[in-house]
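Student: What follows is work00.pdb; its format and atoms are PDB, C-alpha atoms, pLDDT in the B column.
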```pdb
ATOM      1  CA  MET A   1       5.490 -15.562   9.334  1.00 80.00           C
ATOM      2  CA  SER A   2       4.523 -12.904   6.825  1.00 92.00           C
ATOM      3  CA  TYR A   3       0.905 -11.755   6.569  1.00 96.00           C
ATOM      4  CA  PHE A   4       0.978 -12.169   2.780  1.00 97.00           C
ATOM      5  CA  LYS A   5       1.520 -15.679   1.392  1.00 96.00           C
ATOM      6  CA  ASN A   6       2.963 -14.542  -1.938  1.00 97.00           C
ATOM      7  CA  ALA A   7       3.408 -11.629  -4.353  1.00 97.00           C
ATOM      8  CA  ASP A   8      -0.079 -12.194  -5.788  1.00 97.00           C
ATOM      9  CA  GLU A   9      -1.586 -11.326  -2.407  1.00 97.00           C
ATOM     10  CA  VAL A  10       0.609  -8.226  -2.172  1.00 98.00           C
ATOM     11  CA  TYR A  11      -0.657  -7.118  -5.585  1.00 98.00           C
ATOM     12  CA  LYS A  12      -4.261  -7.937  -4.692  1.00 97.00           C
ATOM     13  CA  TYR A  13      -4.337  -6.038  -1.394  1.00 97.00           C
ATOM     14  CA  LEU A  14      -1.549  -3.434  -1.394  1.00 97.00           C
ATOM     15  CA  GLY A  15      -2.022  -2.707  -5.085  1.00 97.00           C
ATOM     16  CA  GLY A  16      -5.774  -2.963  -4.630  1.00 97.00           C
ATOM     17  CA  VAL A  17      -5.913  -0.095  -2.167  1.00 97.00           C
ATOM     18  CA  PHE A  18      -4.461   2.223  -4.822  1.00 96.00           C
ATOM     19  CA  ARG A  19      -6.959   0.951  -7.405  1.00 96.00           C
ATOM     20  CA  VAL A  20      -9.798   1.750  -5.013  1.00 95.00           C
ATOM     21  CA  ALA A  21      -8.187   5.120  -4.218  1.00 95.00           C
ATOM     22  CA  ASP A  22      -8.725   6.200  -7.805  1.00 95.00           C
ATOM     23  CA  GLU A  23     -12.503   5.967  -7.272  1.00 93.00           C
ATOM     24  CA  HIS A  24     -12.477   7.618  -3.820  1.00 94.00           C
ATOM     25  CA  PRO A  25     -14.120  11.074  -3.975  1.00 94.00           C
ATOM     26  CA  GLU A  26     -11.522  12.791  -1.739  1.00 92.00           C
ATOM     27  CA  VAL A  27      -8.385  10.731  -2.131  1.00 94.00           C
ATOM     28  CA  GLY A  28      -8.526  10.039  -5.870  1.00 95.00           C
ATOM     29  CA  PRO A  29      -8.382  13.670  -7.033  1.00 95.00           C
ATOM     30  CA  ALA A  30      -5.721  14.550  -4.429  1.00 93.00           C
ATOM     31  CA  LEU A  31      -3.418  11.684  -5.420  1.00 94.00           C
ATOM     32  CA  ARG A  32      -3.928  12.204  -9.160  1.00 95.00           C
ATOM     33  CA  GLY A  33      -3.273  15.901  -8.659  1.00 93.00           C
ATOM     34  CA  SER A  34       0.130  15.113  -7.152  1.00 92.00           C
ATOM     35  CA  GLY A  35       1.454  13.937 -10.528  1.00 93.00           C
ATOM     36  CA  ILE A  36       3.831  11.552  -8.740  1.00 93.00           C
ATOM     37  CA  THR A  37       5.006   8.135  -9.831  1.00 95.00           C
ATOM     38  CA  LEU A  38       5.797   6.015  -6.775  1.00 95.00           C
ATOM     39  CA  ARG A  39       7.671   2.711  -6.841  1.00 97.00           C
ATOM     40  CA  LEU A  40       7.028   0.485  -3.820  1.00 97.00           C
ATOM     41  CA  GLU A  41       9.498  -2.350  -3.320  1.00 98.00           C
ATOM     42  CA  TYR A  42       8.263  -4.918  -0.822  1.00 98.00           C
ATOM     43  CA  SER A  43      10.059  -7.804   0.841  1.00 98.00           C
ATOM     44  CA  ASN A  44       8.687 -10.934   2.539  1.00 97.00           C
ATOM     45  CA  PRO A  45       7.274 -11.668   0.000  1.00 98.00           C
ATOM     46  CA  ASP A  46       9.141  -9.811  -2.710  1.00 98.00           C
ATOM     47  CA  ALA A  47       6.904  -7.669  -4.910  1.00 98.00           C
ATOM     48  CA  VAL A  48       7.150  -4.372  -6.777  1.00 98.00           C
ATOM     49  CA  ILE A  49       4.241  -2.009  -7.347  1.00 98.00           C
ATOM     50  CA  THR A  50       4.585   1.204  -9.336  1.00 98.00           C
ATOM     51  CA  VAL A  51       1.759   3.684  -8.867  1.00 97.00           C
ATOM     52  CA  ARG A  52       1.373   6.475 -11.431  1.00 97.00           C
ATOM     53  CA  MET A  53      -0.741   9.125  -9.701  1.00 96.00           C
ATOM     54  CA  VAL A  54      -1.522  11.340 -12.670  1.00 95.00           C
ATOM     55  CA  GLU A  55      -4.626  12.585 -14.433  1.00 95.00           C
ATOM     56  CA  PRO A  56      -6.907  11.125 -15.685  1.00 96.00           C
ATOM     57  CA  SER A  57      -6.487   8.056 -13.442  1.00 96.00           C
ATOM     58  CA  ILE A  58      -4.221   6.257 -11.014  1.00 97.00           C
ATOM     59  CA  GLU A  59      -2.372   3.422 -12.740  1.00 97.00           C
ATOM     60  CA  VAL A  60      -1.091   0.470 -10.716  1.00 98.00           C
ATOM     61  CA  ILE A  61       1.699  -1.526 -12.391  1.00 98.00           C
ATOM     62  CA  GLU A  62       2.573  -4.889 -10.863  1.00 98.00           C
ATOM     63  CA  GLY A  63       6.136  -6.154 -11.177  1.00 97.00           C
ATOM     64  CA  GLU A  64       9.087  -4.646 -12.975  1.00 97.00           C
ATOM     65  CA  THR A  65       8.494  -1.790 -15.397  1.00 97.00           C
ATOM     66  CA  GLU A  66      10.501   0.697 -17.433  1.00 96.00           C
ATOM     67  CA  THR A  67       8.481   3.518 -15.864  1.00 96.00           C
ATOM     68  CA  THR A  68      10.810   5.904 -14.033  1.00 96.00           C
ATOM     69  CA  PRO A  69       9.541   6.746 -10.532  1.00 96.00           C
ATOM     70  CA  ASP A  70       9.813  10.118  -8.810  1.00 95.00           C
ATOM     71  CA  VAL A  71      10.052   8.375  -5.446  1.00 94.00           C
ATOM     72  CA  ARG A  72      11.124   4.856  -4.465  1.00 96.00           C
ATOM     73  CA  MET A  73      10.155   3.332  -1.156  1.00 96.00           C
ATOM     74  CA  SER A  74      11.155  -0.053   0.179  1.00 97.00           C
ATOM     75  CA  MET A  75       9.815  -1.896   3.199  1.00 98.00           C
ATOM     76  CA  ALA A  76       8.557  -5.256   4.374  1.00 98.00           C
ATOM     77  CA  ALA A  77       5.095  -6.033   3.008  1.00 98.00           C
ATOM     78  CA  ASP A  78       3.959  -6.470   6.631  1.00 98.00           C
ATOM     79  CA  THR A  79       4.980  -2.866   7.315  1.00 98.00           C
ATOM     80  CA  ALA A  80       2.739  -1.667   4.469  1.00 97.00           C
ATOM     81  CA  ASP A  81      -0.106  -3.810   5.816  1.00 98.00           C
ATOM     82  CA  LYS A  82       0.263  -2.155   9.231  1.00 97.00           C
ATOM     83  CA  TYR A  83       0.332   1.279   7.614  1.00 97.00           C
ATOM     84  CA  TRP A  84      -2.908   0.707   5.705  1.00 97.00           C
ATOM     85  CA  ARG A  85      -4.553  -0.547   8.897  1.00 97.00           C
ATOM     86  CA  GLY A  86      -3.633   2.765  10.544  1.00 96.00           C
ATOM     87  CA  GLU A  87      -1.120   1.086  12.887  1.00 97.00           C
ATOM     88  CA  TYR A  88       2.174   2.386  11.493  1.00 97.00           C
ATOM     89  CA  ASN A  89       3.736   5.828  11.193  1.00 95.00           C
ATOM     90  CA  VAL A  90       5.755   6.192   7.973  1.00 93.00           C
ATOM     91  CA  ALA A  91       7.800   9.128   9.317  1.00 91.00           C
ATOM     92  CA  VAL A  92       8.907   7.044  12.306  1.00 94.00           C
ATOM     93  CA  GLY A  93       9.639   4.113   9.987  1.00 95.00           C
ATOM     94  CA  LEU A  94      11.853   6.322   7.835  1.00 93.00           C
ATOM     95  CA  ALA A  95      13.686   7.592  10.921  1.00 93.00           C
ATOM     96  CA  LYS A  96      14.244   4.035  12.210  1.00 95.00           C
ATOM     97  CA  GLY A  97      15.344   2.737   8.805  1.00 95.00           C
ATOM     98  CA  GLN A  98      12.406   0.288   8.568  1.00 96.00           C
ATOM     99  CA  VAL A  99      11.228   2.203   5.516  1.00 96.00           C
ATOM    100  CA  LYS A 100      13.790   3.397   2.987  1.00 96.00           C
ATOM    101  CA  ALA A 101      13.071   6.105   0.448  1.00 94.00           C
ATOM    102  CA  LYS A 102      14.841   7.719  -2.488  1.00 95.00           C
ATOM    103  CA  GLY A 103      13.581  10.918  -4.008  1.00 92.00           C
ATOM    104  CA  PRO A 104      11.643  13.824  -2.534  1.00 88.00           C
ATOM    105  CA  VAL A 105      10.629  12.209   0.764  1.00 81.00           C
ATOM    106  CA  THR A 106       8.898  15.404   1.868  1.00 86.00           C
ATOM    107  CA  THR A 107       6.458  14.891  -0.998  1.00 84.00           C
ATOM    108  CA  ILE A 108       5.560  11.444   0.318  1.00 80.00           C
ATOM    109  CA  LEU A 109       5.183  12.718   3.867  1.00 84.00           C
ATOM    110  CA  LYS A 110       2.772  15.379   2.590  1.00 85.00           C
ATOM    111  CA  MET A 111       0.722  12.681   0.865  1.00 85.00           C
ATOM    112  CA  VAL A 112       0.493  10.381   3.897  1.00 89.00           C
ATOM    113  CA  PRO A 113      -2.372  12.307   5.546  1.00 90.00           C
ATOM    114  CA  LEU A 114      -4.299  12.197   2.254  1.00 89.00           C
ATOM    115  CA  THR A 115      -4.416   8.401   2.424  1.00 92.00           C
ATOM    116  CA  LYS A 116      -6.043   8.149   5.880  1.00 93.00           C
ATOM    117  CA  PRO A 117      -9.590   7.941   4.449  1.00 95.00           C
ATOM    118  CA  LEU A 118      -8.430   4.729   2.730  1.00 95.00           C
ATOM    119  CA  PHE A 119      -7.689   2.899   5.997  1.00 96.00           C
ATOM    120  CA  PRO A 120     -11.275   1.567   6.342  1.00 95.00           C
ATOM    121  CA  VAL A 121     -11.265   0.731   2.621  1.00 94.00           C
ATOM    122  CA  TYR A 122      -8.106  -1.356   3.066  1.00 96.00           C
ATOM    123  CA  LYS A 123      -9.593  -3.109   6.099  1.00 96.00           C
ATOM    124  CA  GLN A 124     -12.586  -4.052   3.943  1.00 94.00           C
ATOM    125  CA  LEU A 125     -10.246  -5.366   1.232  1.00 94.00           C
ATOM    126  CA  VAL A 126      -8.434  -7.659   3.676  1.00 96.00           C
ATOM    127  CA  ALA A 127     -11.526  -8.616   5.719  1.00 93.00           C
ATOM    128  CA  GLU A 128     -11.941 -11.817   3.707  1.00 87.00           C
ATOM    129  CA  LYS A 129      -8.277 -12.724   4.281  1.00 89.00           C
ATOM    130  CA  ASP A 130      -8.551 -11.885   7.995  1.00 89.00           C
ATOM    131  CA  ALA A 131     -11.678 -13.995   8.530  1.00 85.00           C
ATOM    132  CA  PRO A 132     -11.154 -17.360  10.207  1.00 79.00           C
ATOM    133  CA  PRO A 133     -11.340 -20.267   7.769  1.00 74.00           C
ATOM    134  CA  VAL A 134     -14.810 -21.725   7.348  1.00 70.00           C
ATOM    135  CA  GLY A 135     -15.318 -24.522   9.824  1.00 65.00           C
ATOM    136  CA  SER A 136     -12.537 -23.362  12.114  1.00 54.00           C
ATOM    137  CA  TYR A 137     -13.110 -23.718  15.818  1.00 58.00           C
ATOM    138  CA  GLU A 138     -13.242 -20.579  17.913  1.00 53.00           C
ATOM    139  CA  ALA A 139     -13.245 -20.998  21.666  1.00 52.00           C
ATOM    140  CA  THR A 140     -15.998 -19.238  23.546  1.00 51.00           C
ATOM    141  CA  SER A 141     -15.881 -18.329  27.204  1.00 47.00           C
TER     142      SER A 141
END
```
Kindly present the structure from the file in structure tokens form.

Tutor:
Amino acid sequence: MSYFKNADEVYKYLGGVFRVADEHPEVGPALRGSGITLRLEYSNPDAVITVRMVEPSIEVIEGETETTPDVRMSMAADTADKYWRGEYNVAVGLAKGQVKAKGPVTTILKMVPLTKPLFPVYKQLVAEKDAPPVGSYEATS
């Protein structure tokens, strides 16, 4: 079963990390300085996020858009979740065909290390989703 229930959750969490990135003191300026427009196509559930990383701010567009991306990446939404948790290597995913990319892939690979400071931010974003439901029973030993 997929971690995300629907596209709205993909937009909330995977899109949300880019919205937060804009405010991050290290990551925001670095991503905006790249001038790249990235289209992320997710499956299970299906969702499309286009991220315009240009000055003066990062723009996150949910769903289809006429905006032309510099780079397109496609992957399962669960793969993106693992990446943002710091549990997935994009370069290995590209090599194995789990992540597909069109455009200057080297540009994306250069940006990957810039996003590492966002891993704890993403974990905070999904903490509410990861928490056990209120009233759920947890066994103790």

Student: Decode the PyMOL selection byres ((chain A and resi 53) around 8) for the given file into explicit residues and return them as an mmCIF file with C-alpha atoms, in the frame of the given file.

Tutor:
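Okay, this is what ended up in selection-v1.cif:
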```cif
data_model
loop_
_atom_site.group_PDB
_atom_site.id
_atom_site.type_symbol
_atom_site.label_atom_id
_atom_site.label_comp_id
_atom_site.auth_asym_id
_atom_site.auth_seq_id
_atom_site.Cartn_x
_atom_site.Cartn_y
_atom_site.Cartn_z
ATOM 1 C CA LEU A 31 -3.418 11.684 -5.420
ATOM 2 C CA ARG A 32 -3.928 12.204 -9.160
ATOM 3 C CA GLY A 33 -3.273 15.901 -8.659
ATOM 4 C CA SER A 34 0.130 15.113 -7.152
ATOM 5 C CA GLY A 35 1.454 13.937 -10.528
ATOM 6 C CA ILE A 36 3.831 11.552 -8.740
ATOM 7 C CA THR A 37 5.006 8.135 -9.831
ATOM 8 C CA LEU A 38 5.797 6.015 -6.775
ATOM 9 C CA VAL A 51 1.759 3.684 -8.867
ATOM 10 C CA ARG A 52 1.373 6.475 -11.431
ATOM 11 C CA VAL A 54 -1.522 11.340 -12.670
ATOM 12 C CA GLU A 55 -4.626 12.585 -14.433
ATOM 13 C CA SER A 57 -6.487 8.056 -13.442
ATOM 14 C CA ILE A 58 -4.221 6.257 -11.014
ATOM 15 C CA GLU A 59 -2.372 3.422 -12.740
#
```

Student: How many Å separate atom CA of Ala91 of chain A from atom CA of Tyr13 of chain A?

Tutor: 22.2 Å

Student: Calculated over all atoms listed in the file, which of the candidates A:Ala131, A:Ala76, A:Val27, A:Val17 has the smallest distance to Pro117 of chain A?

Tutor: A:Val27

Student: Which residues are close to Lys123 of chain A, i.e. within 12 Å by all atoms listed in the file, leaving aside same-chain residues fewer than 6 positions away? Reply as an MDAnalysis selection string.

Tutor: chainID A and resid 13:14 16:17 81:87 116:117 129:131

Student: Within 6 Å of Ser74 of chain A, counting all atoms listed in the file, which residues qualify if same-chain residues fewer than 5 places away don't, as a list of chain:residue names?

Tutor: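 Counting all atoms listed in the file, the residues come to A:Leu40, A:Glu41, A:Tyr42, A:Val99, A:Lys100.
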
Student: Limited to C-alpha atoms, could you put the picked residues into a file as a compact mmCIF listing (two decimals), in the coordinates of the input?

Tutor:
```
# COMPACT_ATOMS: atom_id res chain seq x y z
CA LEU A 40 7.03 0.48 -3.82
CA GLU A 41 9.50 -2.35 -3.32
CA TYR A 42 8.26 -4.92 -0.82
CA VAL A 99 11.23 2.20 5.52
CA LYS A 100 13.79 3.40 2.99
```

Student: Once the PyMOL selection byres ((chain A and resi 77) around 8) has been applied to the shown file, what residues remain in the selection, as a list in words?

Tutor: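 Expected selection for the PyMOL selection byres ((chain A and resi 77) around 8) here is Ser2, Tyr3, Phe4, Val10, Tyr42, Ser43, Asn44, Pro45, Asp46, Met75, Ala76, Asp78, Thr79, Ala80 and Asp81 of chain A.
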
Student: When you draw a straight line from atom CA of Ala101 of chain A to atom CA of Gln124 of chain A, how long is it in Å?

Tutor: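 Spanning atom CA of Ala101 of chain A to atom CA of Gln124 of chain A is a straight-line distance of 27.8 Å.
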
Student: Just give me the gap between atom CA of Ala47 of chain A and atom CA of Val126 of chain A in Å, one decimal is fine.

Tutor: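 According to the coordinates, atom CA of Ala47 of chain A and atom CA of Val126 of chain A are separated by 17.6 Å.
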
Student: How big is the axis-aligned box around all listed atoms of segment 7-11 of chain A once 4 Å goes on each side, and where's its centre, in Å to one decimal, as AutoDock Vina command-line options?

Tutor:
```
--center_x 0.9 --center_y -9.7 --center_z -4.0 --size_x 13.0 --size_y 13.1 --size_z 11.6
```

Student: Given the file above and the PyMOL selection byres ((chain A and resi 114) around 10), which residues are selected, and can you give them as a count of residues only?

Tutor: 14

Student: Which residues come within 8 Å of Thr67 of chain A, counting all atoms listed in the file, excluding same-chain residues fewer than 2 positions away, as a list in words?

Tutor: Thr50, Thr65 and Pro69 of chain A

Student: Compare A:Glu128, A:Thr106, A:Leu94, A:Gly63 by their minimum atom-to-atom distance to Asp8 of chain A, counting all atoms listed in the file, and give me the closest one.

Tutor: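 The answer is A:Gly63, which sits nearest to Asp8 of chain A.
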
Student: Given all atoms listed in the file as the basis, pick out the residue of A:Ala95, A:Ile49, A:Val20, A:Ile108 nearest to Leu125 of chain A.

Tutor: A:Val20
